[in-house]
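File shown: input-v4.tsv (TSV, C-alpha atoms).
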```tsv
chain	number	residue	atom	x	y	z
A	221	MET	CA	-33.93	44.24	-28.07
A	222	LEU	CA	-35.19	46.53	-25.31
A	223	GLN	CA	-38.25	48.54	-26.25
A	224	GLN	CA	-39.92	51.23	-24.18
A	225	VAL	CA	-43.19	52.69	-25.41
A	226	TYR	CA	-45.14	55.64	-24.03
A	227	SER	CA	-48.77	56.13	-25.20
A	228	ILE	CA	-51.62	58.48	-24.35
A	229	PRO	CA	-54.31	57.22	-21.99
A	230	CYS	CA	-57.67	56.13	-23.40
A	231	PHE	CA	-60.54	57.49	-21.31
A	232	THR	CA	-62.97	54.77	-22.24
A	233	VAL	CA	-64.07	51.48	-20.82
A	234	ALA	CA	-61.91	49.90	-23.52
A	235	LEU	CA	-58.72	51.31	-21.98
A	236	LEU	CA	-56.58	48.19	-22.38
A	237	VAL	CA	-57.74	47.58	-25.94
A	238	CYS	CA	-56.94	51.16	-26.98
A	239	GLN	CA	-53.43	51.08	-25.51
A	240	ALA	CA	-52.73	47.73	-27.14
A	241	ILE	CA	-53.68	49.10	-30.58
A	242	ILE	CA	-51.39	52.14	-30.18
A	243	TYR	CA	-48.54	49.96	-28.90
A	244	SER	CA	-48.93	47.61	-31.86
A	245	LYS	CA	-48.72	50.47	-34.38
A	246	GLN	CA	-45.72	52.09	-32.74
A	247	GLU	CA	-43.86	48.82	-32.32
A	248	LYS	CA	-43.93	48.27	-36.08
A	249	CYS	CA	-42.93	51.87	-36.85
A	250	ALA	CA	-39.27	52.99	-37.20
A	251	VAL	CA	-37.61	49.59	-37.24
A	252	LEU	CA	-33.80	49.46	-37.19
A	253	GLU	CA	-32.38	47.09	-39.79
A	254	PHE	CA	-28.82	45.79	-40.27
A	255	TYR	CA	-27.36	45.15	-43.71
A	256	HIS	CA	-24.85	42.40	-44.59
A	257	LEU	CA	-24.92	41.05	-41.05
A	258	ASN	CA	-26.33	37.60	-40.42
A	259	GLU	CA	-25.01	37.04	-36.90
A	260	SER	CA	-26.15	38.39	-33.55
A	261	ALA	CA	-22.59	39.49	-32.78
A	262	LEU	CA	-19.83	41.24	-34.72
A	263	SER	CA	-16.26	39.90	-34.47
A	264	VAL	CA	-13.47	42.45	-35.01
A	265	SER	CA	-9.71	42.29	-34.49
A	266	GLU	CA	-8.36	44.71	-31.91
A	267	ASN	CA	-7.38	48.15	-33.27
A	268	ARG	CA	-9.33	47.44	-36.44
A	269	SER	CA	-12.53	49.20	-37.42
A	270	ALA	CA	-15.99	47.88	-36.66
A	271	ASN	CA	-18.11	48.43	-39.77
A	272	VAL	CA	-21.89	48.15	-39.46
A	273	THR	CA	-24.36	49.27	-42.14
A	274	PHE	CA	-27.81	50.05	-40.80
A	275	GLY	CA	-31.01	51.76	-41.84
A	276	MET	CA	-34.34	52.90	-40.39
A	277	ASN	CA	-37.44	51.37	-41.94
A	278	ILE	CA	-40.21	53.93	-41.40
A	279	SER	CA	-42.60	52.63	-44.05
A	280	ALA	CA	-45.16	51.65	-41.40
A	281	CYS	CA	-45.08	55.04	-39.66
A	282	SER	CA	-48.26	57.12	-39.98
A	283	HIS	CA	-46.61	60.55	-40.35
A	284	SER	CA	-43.85	61.02	-42.92
A	285	ASN	CA	-42.98	64.49	-41.61
A	286	THR	CA	-41.74	63.14	-38.29
A	287	PRO	CA	-37.91	63.12	-37.88
A	288	TYR	CA	-36.39	59.94	-36.49
A	289	LYS	CA	-33.06	60.47	-34.73
A	290	VAL	CA	-30.85	57.46	-34.17
A	291	LYS	CA	-27.99	57.90	-31.69
A	292	VAL	CA	-25.15	55.38	-31.79
A	293	TYR	CA	-22.89	54.48	-28.86
A	294	THR	CA	-20.15	51.92	-28.24
A	295	ARG	CA	-20.30	50.39	-24.77
A	296	THR	CA	-17.19	49.42	-22.82
A	297	ARG	CA	-16.63	46.61	-20.36
A	298	SER	CA	-17.06	49.02	-17.47
A	299	GLY	CA	-20.54	50.00	-18.71
A	300	SER	CA	-19.67	53.47	-20.00
A	301	LEU	CA	-20.95	54.64	-23.39
A	302	GLU	CA	-18.78	56.27	-26.04
A	303	TYR	CA	-20.81	58.50	-28.35
A	304	ASP	CA	-20.34	57.65	-32.03
A	305	GLY	CA	-22.78	60.04	-33.67
A	306	THR	CA	-26.41	60.64	-34.67
A	307	VAL	CA	-28.29	59.93	-37.89
A	308	THR	CA	-31.58	61.73	-38.61
A	309	TYR	CA	-34.14	60.19	-40.96
A	310	LEU	CA	-36.81	62.53	-42.41
A	311	ARG	CA	-38.95	61.42	-45.32
A	312	ASP	CA	-36.46	59.92	-47.75
A	313	THR	CA	-33.37	61.71	-46.46
A	314	CYS	CA	-30.51	60.54	-44.24
A	315	THR	CA	-28.48	63.19	-42.39
A	316	PRO	CA	-25.52	62.38	-40.08
A	317	THR	CA	-23.88	64.61	-37.50
A	318	PRO	CA	-20.57	65.81	-38.97
A	319	ASN	CA	-17.15	64.73	-37.73
A	320	THR	CA	-18.39	61.58	-36.02
A	321	SER	CA	-18.06	57.85	-36.63
A	322	VAL	CA	-21.36	57.56	-38.50
A	323	ARG	CA	-22.17	58.64	-42.03
A	324	CYS	CA	-24.86	58.20	-44.63
A	325	ILE	CA	-23.70	56.11	-47.55
A	326	THR	CA	-26.13	57.94	-49.86
A	327	PRO	CA	-28.39	60.99	-49.21
A	328	THR	CA	-31.28	58.58	-48.70
A	329	GLY	CA	-29.36	56.03	-46.64
A	330	PRO	CA	-28.48	53.53	-45.41
A	331	ALA	CA	-26.09	54.72	-42.71
A	332	GLU	CA	-22.76	53.28	-41.64
A	333	LEU	CA	-20.86	53.05	-38.37
A	334	TYR	CA	-17.10	52.93	-38.91
A	335	ARG	CA	-14.92	53.18	-35.82
A	336	LYS	CA	-11.78	51.63	-34.34
A	337	VAL	CA	-12.33	49.28	-31.40
A	338	ASN	CA	-10.14	47.84	-28.66
A	339	ARG	CA	-10.46	45.05	-26.11
A	340	THR	CA	-12.52	47.21	-23.72
A	341	HIS	CA	-15.42	47.47	-26.18
A	342	VAL	CA	-18.22	44.93	-25.79
A	343	ALA	CA	-21.27	46.21	-27.72
A	344	VAL	CA	-22.72	48.83	-30.07
A	345	GLU	CA	-25.98	50.42	-28.96
A	346	TRP	CA	-28.55	52.26	-31.09
A	347	ASN	CA	-31.18	54.50	-29.44
A	348	TRP	CA	-33.96	56.29	-31.27
A	349	LEU	CA	-36.90	58.41	-30.19
A	350	TRP	CA	-39.81	59.89	-32.05
A	351	LYS	CA	-43.00	61.79	-31.27
A	352	ASP	CA	-46.43	60.86	-32.56
A	353	ILE	CA	-47.97	64.22	-33.50
A	354	ARG	CA	-51.51	62.91	-33.24
A	355	PHE	CA	-51.23	61.86	-29.64
A	356	SER	CA	-48.24	63.95	-28.45
A	357	ASN	CA	-46.59	60.86	-27.02
A	358	PHE	CA	-42.98	59.72	-27.41
A	359	THR	CA	-41.68	56.32	-28.28
A	360	ALA	CA	-38.13	55.34	-27.28
A	361	MET	CA	-36.47	52.21	-28.61
A	362	GLN	CA	-33.06	50.58	-28.30
A	363	GLN	CA	-31.17	47.86	-30.12
A	364	GLU	CA	-27.79	46.34	-29.30
A	365	LEU	CA	-25.17	44.42	-31.24
A	366	GLN	CA	-22.60	42.45	-29.29
A	367	LEU	CA	-18.95	43.12	-30.13
A	368	ILE	CA	-16.36	40.35	-29.92
A	369	VAL	CA	-12.96	42.02	-30.09
A	370	THR	CA	-10.26	39.44	-30.79
A	371	TYR	CA	-6.58	39.90	-29.93
A	372	PRO	CA	-3.61	37.54	-29.76
A	373	SER	CA	-2.21	35.94	-26.63
A	374	SER	CA	1.20	37.03	-25.40
A	375	VAL	CA	3.74	36.45	-22.65
A	376	THR	CA	4.12	39.81	-20.93
A	377	SER	CA	7.10	39.01	-18.71
A	378	LEU	CA	9.23	36.24	-17.25
A	379	ILE	CA	10.46	36.97	-13.72
A	380	VAL	CA	13.24	35.18	-11.82
A	381	ASN	CA	13.54	36.05	-8.13
A	382	GLY	CA	11.75	39.34	-8.75
A	383	GLN	CA	13.83	40.34	-11.79
A	384	ASP	CA	12.61	40.53	-15.40
A	385	VAL	CA	14.63	38.20	-17.60
A	386	ASN	CA	14.86	37.31	-21.27
A	387	GLY	CA	17.86	35.29	-22.43
A	388	TYR	CA	20.34	34.31	-19.71
A	389	HIS	CA	20.39	34.50	-15.93
A	390	PHE	CA	23.27	33.65	-13.55
A	391	ILE	CA	22.63	31.54	-10.47
A	392	ASN	CA	24.74	29.67	-7.92
A	393	GLU	CA	24.83	25.92	-7.55
A	394	TYR	CA	22.00	24.61	-5.31
A	395	GLN	CA	20.40	28.08	-5.22
A	396	GLU	CA	16.60	27.92	-5.26
A	397	VAL	CA	15.14	30.19	-7.91
A	398	ASN	CA	11.50	31.21	-8.24
A	399	ILE	CA	10.22	31.67	-11.78
A	400	SER	CA	7.00	33.48	-12.59
A	401	CYS	CA	5.52	33.85	-16.07
A	402	LEU	CA	2.94	36.58	-16.62
A	403	PHE	CA	0.76	36.40	-19.72
A	404	ASP	CA	-2.29	37.72	-21.50
A	405	GLN	CA	-4.47	34.82	-22.63
A	406	GLY	CA	-5.90	36.81	-25.53
A	407	ASN	CA	-9.37	36.49	-27.02
A	408	PRO	CA	-10.27	33.76	-27.67
A	409	PRO	CA	-8.18	32.65	-24.68
A	410	VAL	CA	-5.41	30.07	-25.06
A	411	ASN	CA	-3.44	27.90	-22.66
A	412	PHE	CA	0.08	28.74	-21.45
A	413	ARG	CA	2.75	26.40	-20.11
A	414	LEU	CA	6.35	26.26	-18.95
A	415	LEU	CA	8.69	24.03	-20.97
A	416	ASP	CA	12.21	22.76	-20.35
A	417	GLU	CA	15.14	22.82	-22.81
A	418	HIS	CA	13.81	19.65	-24.48
A	419	GLY	CA	10.28	20.99	-24.96
A	420	ALA	CA	8.79	18.88	-22.15
A	421	GLU	CA	6.18	20.58	-19.98
A	422	LEU	CA	7.27	21.46	-16.44
A	423	LYS	CA	4.96	21.02	-13.48
A	424	SER	CA	4.00	24.46	-12.25
A	425	PHE	CA	1.35	26.28	-10.26
A	426	MET	CA	-1.10	28.25	-12.38
A	427	ASP	CA	-3.67	30.93	-11.70
A	428	GLU	CA	-5.53	33.20	-14.13
A	429	GLN	CA	-2.50	35.18	-15.34
A	430	HIS	CA	0.56	33.51	-13.77
A	431	LEU	CA	2.62	30.34	-13.99
A	432	VAL	CA	4.95	29.77	-11.04
A	433	LEU	CA	7.84	27.31	-10.73
A	434	SER	CA	10.77	26.75	-8.35
A	435	LEU	CA	13.98	24.93	-9.25
A	436	THR	CA	17.65	24.40	-8.36
A	437	ALA	CA	20.64	23.50	-10.52
A	438	ARG	CA	23.88	21.54	-10.10
A	439	CYS	CA	27.17	22.08	-11.90
A	440	LYS	CA	27.45	18.56	-13.31
A	441	GLU	CA	23.82	18.30	-14.43
A	442	ASP	CA	22.25	19.88	-17.50
A	443	TRP	CA	21.69	23.55	-16.79
A	444	PRO	CA	18.00	24.32	-17.11
A	445	THR	CA	16.29	26.41	-19.72
A	446	VAL	CA	12.71	27.48	-19.01
A	447	ARG	CA	10.41	28.73	-21.73
A	448	CYS	CA	6.98	30.25	-21.22
A	449	GLU	CA	4.75	29.96	-24.26
A	450	GLY	CA	1.12	29.87	-25.32
A	451	ASN	CA	-0.71	28.47	-28.31
A	452	SER	CA	-0.42	31.00	-31.17
A	453	SER	CA	1.13	33.52	-28.79
A	454	LYS	CA	2.67	36.49	-30.59
A	455	LYS	CA	5.42	36.64	-27.95
A	456	ASN	CA	7.09	33.89	-25.91
A	457	ILE	CA	9.98	34.33	-23.48
A	458	SER	CA	12.67	31.91	-22.34
A	459	VAL	CA	15.56	32.03	-19.89
A	460	SER	CA	18.66	29.83	-19.82
A	461	PHE	CA	20.35	29.54	-16.43
A	462	LEU	CA	24.12	29.85	-16.28
A	463	VAL	CA	25.40	28.20	-13.11
A	464	ASN	CA	28.49	29.76	-11.55
A	465	CYS	CA	30.82	26.73	-11.68
A	466	PRO	CA	34.40	25.83	-12.61
A	467	PRO	CA	34.80	24.90	-16.29
A	468	GLN	CA	33.75	21.39	-17.28
A	469	PHE	CA	35.17	19.41	-20.20
A	470	MET	CA	32.38	18.09	-22.42
A	471	GLY	CA	34.62	16.35	-24.90
A	472	GLU	CA	37.24	13.71	-24.16
A	473	HIS	CA	39.03	13.71	-27.50
A	474	PRO	CA	40.71	17.05	-28.25
A	475	GLN	CA	41.28	17.80	-31.89
A	476	VAL	CA	44.94	18.46	-32.61
A	477	THR	CA	46.20	20.45	-35.59
A	478	ALA	CA	49.79	21.44	-36.20
A	479	SER	CA	51.44	24.51	-37.70
A	480	ALA	CA	55.02	25.65	-38.14
A	481	GLU	CA	55.18	27.19	-34.66
A	482	HIS	CA	52.65	25.38	-32.44
A	483	GLU	CA	49.97	22.79	-32.05
A	484	ARG	CA	46.35	23.81	-31.62
A	485	TRP	CA	44.24	21.66	-29.31
A	486	THR	CA	40.45	22.23	-29.27
A	487	VAL	CA	37.87	20.61	-27.03
A	488	LYS	CA	34.28	21.36	-25.94
A	489	VAL	CA	33.79	22.96	-22.52
A	490	LYS	CA	30.76	23.96	-20.45
A	491	ALA	CA	31.15	27.22	-18.54
A	492	HIS	CA	29.09	30.24	-17.47
A	493	THR	CA	31.73	32.67	-18.79
A	494	THR	CA	34.41	32.89	-21.47
A	495	GLU	CA	36.83	34.47	-18.98
A	496	ILE	CA	39.84	32.29	-18.10
A	497	GLU	CA	42.29	32.89	-15.25
A	498	LYS	CA	44.81	30.13	-16.09
A	499	CYS	CA	45.30	27.28	-18.50
A	500	LEU	CA	47.81	24.48	-17.85
A	501	VAL	CA	49.00	21.43	-19.76
A	502	MET	CA	51.34	18.68	-18.50
A	503	PRO	CA	53.19	15.94	-20.40
A	504	LEU	CA	52.65	12.64	-18.61
A	505	SER	CA	54.89	10.45	-20.78
A	506	LEU	CA	58.71	10.41	-21.00
A	507	GLY	CA	58.93	11.20	-17.32
A	508	GLY	CA	57.44	14.68	-17.63
A	509	ASN	CA	55.66	15.99	-14.55
A	510	LYS	CA	55.81	19.77	-14.81
A	511	ASN	CA	52.83	22.00	-15.62
A	512	ILE	CA	53.24	24.27	-18.63
A	513	ASP	CA	51.34	27.57	-18.62
A	514	VAL	CA	49.94	27.98	-22.13
A	515	ASN	CA	47.78	30.43	-24.05
A	516	CYS	CA	44.17	29.39	-24.33
A	517	SER	CA	40.77	30.91	-25.01
A	518	LEU	CA	37.08	30.10	-24.72
A	519	THR	CA	34.84	31.05	-27.62
A	520	GLY	CA	31.12	30.72	-28.28
A	521	ILE	CA	28.00	31.52	-26.30
A	522	PRO	CA	27.85	30.16	-22.73
A	523	PRO	CA	27.38	27.52	-21.60
A	524	HIS	CA	28.47	25.67	-24.76
A	525	LEU	CA	32.01	26.84	-25.47
A	526	LEU	CA	35.09	25.72	-27.35
A	527	LEU	CA	38.44	25.72	-25.59
A	528	THR	CA	41.44	26.39	-27.82
A	529	VAL	CA	44.92	25.64	-26.41
A	530	LEU	CA	48.12	26.73	-28.17
A	531	VAL	CA	51.18	24.58	-27.33
A	532	ASN	CA	54.61	25.45	-28.69
A	533	ASN	CA	56.15	22.77	-30.86
A	534	ASP	CA	59.09	22.46	-28.48
A	535	ASP	CA	56.68	21.61	-25.64
A	536	SER	CA	54.34	19.44	-27.70
A	537	ALA	CA	57.27	17.17	-28.60
A	538	LYS	CA	57.69	16.16	-24.96
A	539	GLY	CA	55.34	13.21	-25.12
A	540	ILE	CA	52.19	11.44	-26.25
A	541	GLN	CA	50.10	11.49	-23.06
A	542	TRP	CA	48.99	14.89	-21.79
A	543	ALA	CA	46.79	16.48	-19.17
A	544	ILE	CA	44.84	19.76	-19.52
A	545	SER	CA	43.17	21.88	-16.84
A	546	VAL	CA	41.57	25.31	-17.05
A	547	ARG	CA	40.58	27.72	-14.30
A	548	ASN	CA	38.03	30.54	-13.97
A	549	GLU	CA	36.97	32.67	-10.98
A	550	LYS	CA	34.97	29.74	-9.51
A	551	GLY	CA	37.86	27.27	-9.57
A	552	SER	CA	39.70	24.72	-11.68
A	553	SER	CA	38.19	22.12	-13.95
A	554	GLU	CA	38.78	18.42	-13.62
A	555	THR	CA	41.93	17.37	-15.43
A	556	LEU	CA	41.48	16.00	-18.90
A	557	VAL	CA	44.04	13.26	-19.67
A	558	PHE	CA	44.47	12.06	-23.25
A	559	ASN	CA	46.94	10.39	-25.62
A	560	LYS	CA	48.01	12.77	-28.36
A	561	HIS	CA	48.68	11.08	-31.67
A	562	LEU	CA	47.23	11.03	-35.15
A	563	GLY	CA	43.89	9.31	-35.43
A	564	GLU	CA	41.73	8.80	-32.34
A	565	TYR	CA	42.76	10.03	-28.93
A	566	ASP	CA	42.42	7.93	-25.80
A	567	SER	CA	41.52	10.14	-22.84
A	568	HIS	CA	39.86	10.28	-19.42
A	569	LEU	CA	38.98	12.85	-16.76
A	570	THR	CA	40.59	13.01	-13.33
A	571	HIS	CA	39.91	15.32	-10.41
A	572	SER	CA	42.45	18.07	-9.98
```

Using the file provided, produce a representation of the structure as C-alpha cells.
Amino acid sequence: MLQQVYSIPCFTVALLVCQAIIYSKQEKCAVLEFYHLNESALSVSENRSANVTFGMNISACSHSNTPYKVKVYTRTRSGSLEYDGTVTYLRDTCTPTPNTSVRCITPTGPAELYRKVNRTHVAVEWNWLWKDIRFSNFTAMQQELQLIVTYPSSVTSLIVNGQDVNGYHFINEYQEVNISCLFDQGNPPVNFRLLDEHGAELKSFMDEQHLVLSLTARCKEDWPTVRCEGNSSKKNISVSFLVNCPPQFMGEHPQVTASAEHERWTVKVKAHTTEIEKCLVMPLSLGGNKNIDVNCSLTGIPPHLLLTVLVNNDDSAKGIQWAISVRNEKGSSETLVFNKHLGEYDSHLTHS
C-alpha cells in the first residue's frame, strides 16, 4: 500500500517529534478495509464481473464532520486508469456517485465495486484524500488490489502455405508444405503442440505464439493429418491433406452381390476426389482379354472412399478371374486382379 502524508511544519526544536506524532495519527485514520476477501489478489473470469466489498474505517479520525472521498479506478496492462466511481463517507453515511460501477450496499455502508473485466485489466486502485481542519493539511492515501483475469486457451488459426485452413487441403505429391499454428495460451497459460493422425506429437519449431512445421507427402504413404491443440483449449484446429494422386485400391477382396440384372462389386479405395473419368473391368479367364467399360461410383469422404462397380449379368458370366482399374484426372489406378466366386476372393494388384 502506497501512502503519502502531508503535515504542517512544527516550529519548535522538537520538529521531528511533532511531525512523527501527526503522521502516526493520520496513518491510523480513514483506513480502507475489504470484506469477504482473504487473498491479496482477486481472480475473475474474463467478461465476468469483479465484485469487491469495501468500507472506510474512520473511527480513529479526530473530526467526524470531515468528508472522506474514495475514488475507485481499474488499471489496465498499459497503465491507464478507468474511472469506476466515487464513494463519500461523512459521519455514518455512505454516498456513491450515481450511474457508476460503485454503490453503497446500505445508507451507512459498506460500499461495493461491481464491474465487468477483460484480459487487459490488472488491478483495482482506491485513492482517498481528506483535510485535517485543525492543521489545514491534506492526507492522500492509496490502496491496490491485484486482478487476475482468467480466460481459456484457444487455437486462433492454422495456416498452410499462407492460407487459413480447417478441414481438408489439397497438395501435390512431394510438394513441401509449411504449416503454422497460431494460438492464444490463455491465463493461466497452457502448452500447445502439433499432433499427427495417430495422436503422436510432431517435432516442430515453437515461439511464444506459433508452432511451425514443414512436411511432404507421397501417394502410396499415409496422407498426413495435422492437428494443433492445447490443454483445455476451447478451440483446436486440424487439417487433413488430400494428395492429388490416381486412385489406390485399399482392399484386395471386393464384395460381390448379385441381383436380377447385374452384379455389384464394392471395394475400398483411397482418392482425393470422388470424381471418376473411367472405370474398366476385364475377364481374365475363359480366354477373355477385352476391357469392359462399366458404371461405377466413389462414395464417402475423401480420402477413404468406397468404389461400387455395376457389371451386367451377361458380362459377369464370362469368367471367374477379373481385373478392375479406375481412372481420375491424375491417372489410372493399379489394376486389381481377383477371383470372383462365392466365399473368399483371391486377388492381387498389378501395375497398369

Problem - Option closest in space to Asn451 in chain A, from A:Val463, A:Val410, A:Val375, A:Val385 [counting all atoms listed in the file] - result: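 Smallest distance to Asn451 in chain A is found for A:Val410.
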
Exercise for the section: Name all residues at most 10 Å from Met426 in chain A (count all atoms listed in the file; drop same-chain ones fewer than 2 positions away) and give them as a PyMOL selection string. Expected result: chain A and resi 400-401+412-413+423-424+428-433

Exercise for the section: Quick one: pull the distance between CA of Asp312 in chain A and CA of Ala261 in chain A, Å, one decimal. Expected result: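 Interatomic distance here is 28.9 Å.
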
Handout entry: Pick from A:Val397, A:Ala480, A:Met470, A:Val264, whichever lies nearest to Ser434 in chain A using all atoms listed in the file
Key =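 Going through A:Val397, A:Ala480, A:Met470, A:Val264 one by one, the smallest distance to Ser434 in chain A is for A:Val397.
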
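Closest approach to Ile457 in chain A among A:Ser260, A:Glu253, A:Thr273, A:Ser377: A:Ser377, based on all atoms listed in the file.
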
Between range 456-493 of chain A and range 531-548 of chain A, at 12 Å or less, what are the per-residue closest atom pairs and their distances in Å? Count only C-alpha atoms, order by chain and rising residue number, and return it as CSV.
```
residue,atom,partner,partner_atom,distance
A:Asn464,CA,A:Asn548,CA,9.9
A:Cys465,CA,A:Asn548,CA,8.5
A:Pro466,CA,A:Asn548,CA,6.1
A:Pro467,CA,A:Arg547,CA,6.7
A:Gln468,CA,A:Val546,CA,8.8
A:Phe469,CA,A:Ser545,CA,9.0
A:Glu472,CA,A:Ile544,CA,10.8
A:His473,CA,A:Trp542,CA,11.5
A:Pro474,CA,A:Ile544,CA,10.0
A:Val476,CA,A:Val531,CA,10.2
A:Thr477,CA,A:Val531,CA,10.5
A:Ala478,CA,A:Asn533,CA,8.4
A:Ser479,CA,A:Asn533,CA,8.5
A:Ala480,CA,A:Asn533,CA,7.9
A:Glu481,CA,A:Asn533,CA,5.9
A:His482,CA,A:Asn532,CA,4.2
A:Glu483,CA,A:Val531,CA,5.2
A:Arg484,CA,A:Val531,CA,6.5
A:Trp485,CA,A:Val531,CA,7.8
A:Thr486,CA,A:Ile544,CA,11.0
A:Val487,CA,A:Ile544,CA,10.3
A:Val489,CA,A:Val546,CA,9.8
A:Lys490,CA,A:Val546,CA,11.4
A:Ala491,CA,A:Asn548,CA,8.9
A:His492,CA,A:Asn548,CA,9.6
A:Thr493,CA,A:Asn548,CA,8.2
```

Residues as selected, C-alpha atoms, written as an mmCIF file, in the frame of the given file, can you do that?
```cif
data_model
loop_
_atom_site.group_PDB
_atom_site.id
_atom_site.type_symbol
_atom_site.label_atom_id
_atom_site.label_comp_id
_atom_site.auth_asym_id
_atom_site.auth_seq_id
_atom_site.Cartn_x
_atom_site.Cartn_y
_atom_site.Cartn_z
ATOM 1 C CA ASN A 464 28.490 29.760 -11.550
ATOM 2 C CA CYS A 465 30.820 26.730 -11.680
ATOM 3 C CA PRO A 466 34.400 25.830 -12.610
ATOM 4 C CA PRO A 467 34.800 24.900 -16.290
ATOM 5 C CA GLN A 468 33.750 21.390 -17.280
ATOM 6 C CA PHE A 469 35.170 19.410 -20.200
ATOM 7 C CA GLU A 472 37.240 13.710 -24.160
ATOM 8 C CA HIS A 473 39.030 13.710 -27.500
ATOM 9 C CA PRO A 474 40.710 17.050 -28.250
ATOM 10 C CA VAL A 476 44.940 18.460 -32.610
ATOM 11 C CA THR A 477 46.200 20.450 -35.590
ATOM 12 C CA ALA A 478 49.790 21.440 -36.200
ATOM 13 C CA SER A 479 51.440 24.510 -37.700
ATOM 14 C CA ALA A 480 55.020 25.650 -38.140
ATOM 15 C CA GLU A 481 55.180 27.190 -34.660
ATOM 16 C CA HIS A 482 52.650 25.380 -32.440
ATOM 17 C CA GLU A 483 49.970 22.790 -32.050
ATOM 18 C CA ARG A 484 46.350 23.810 -31.620
ATOM 19 C CA TRP A 485 44.240 21.660 -29.310
ATOM 20 C CA THR A 486 40.450 22.230 -29.270
ATOM 21 C CA VAL A 487 37.870 20.610 -27.030
ATOM 22 C CA VAL A 489 33.790 22.960 -22.520
ATOM 23 C CA LYS A 490 30.760 23.960 -20.450
ATOM 24 C CA ALA A 491 31.150 27.220 -18.540
ATOM 25 C CA HIS A 492 29.090 30.240 -17.470
ATOM 26 C CA THR A 493 31.730 32.670 -18.790
#
```

Fill in the blank from the handout: Expressed in Å, the length from CA of Glu417 in chain A to CA of Ile496 in chain A is 26.9 Å

Problem - Point-to-point distance in Å for CA of Asn267 in chain A and CA of Leu252 in chain A - result: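 Distance reported for this atom pair: 26.7 Å.
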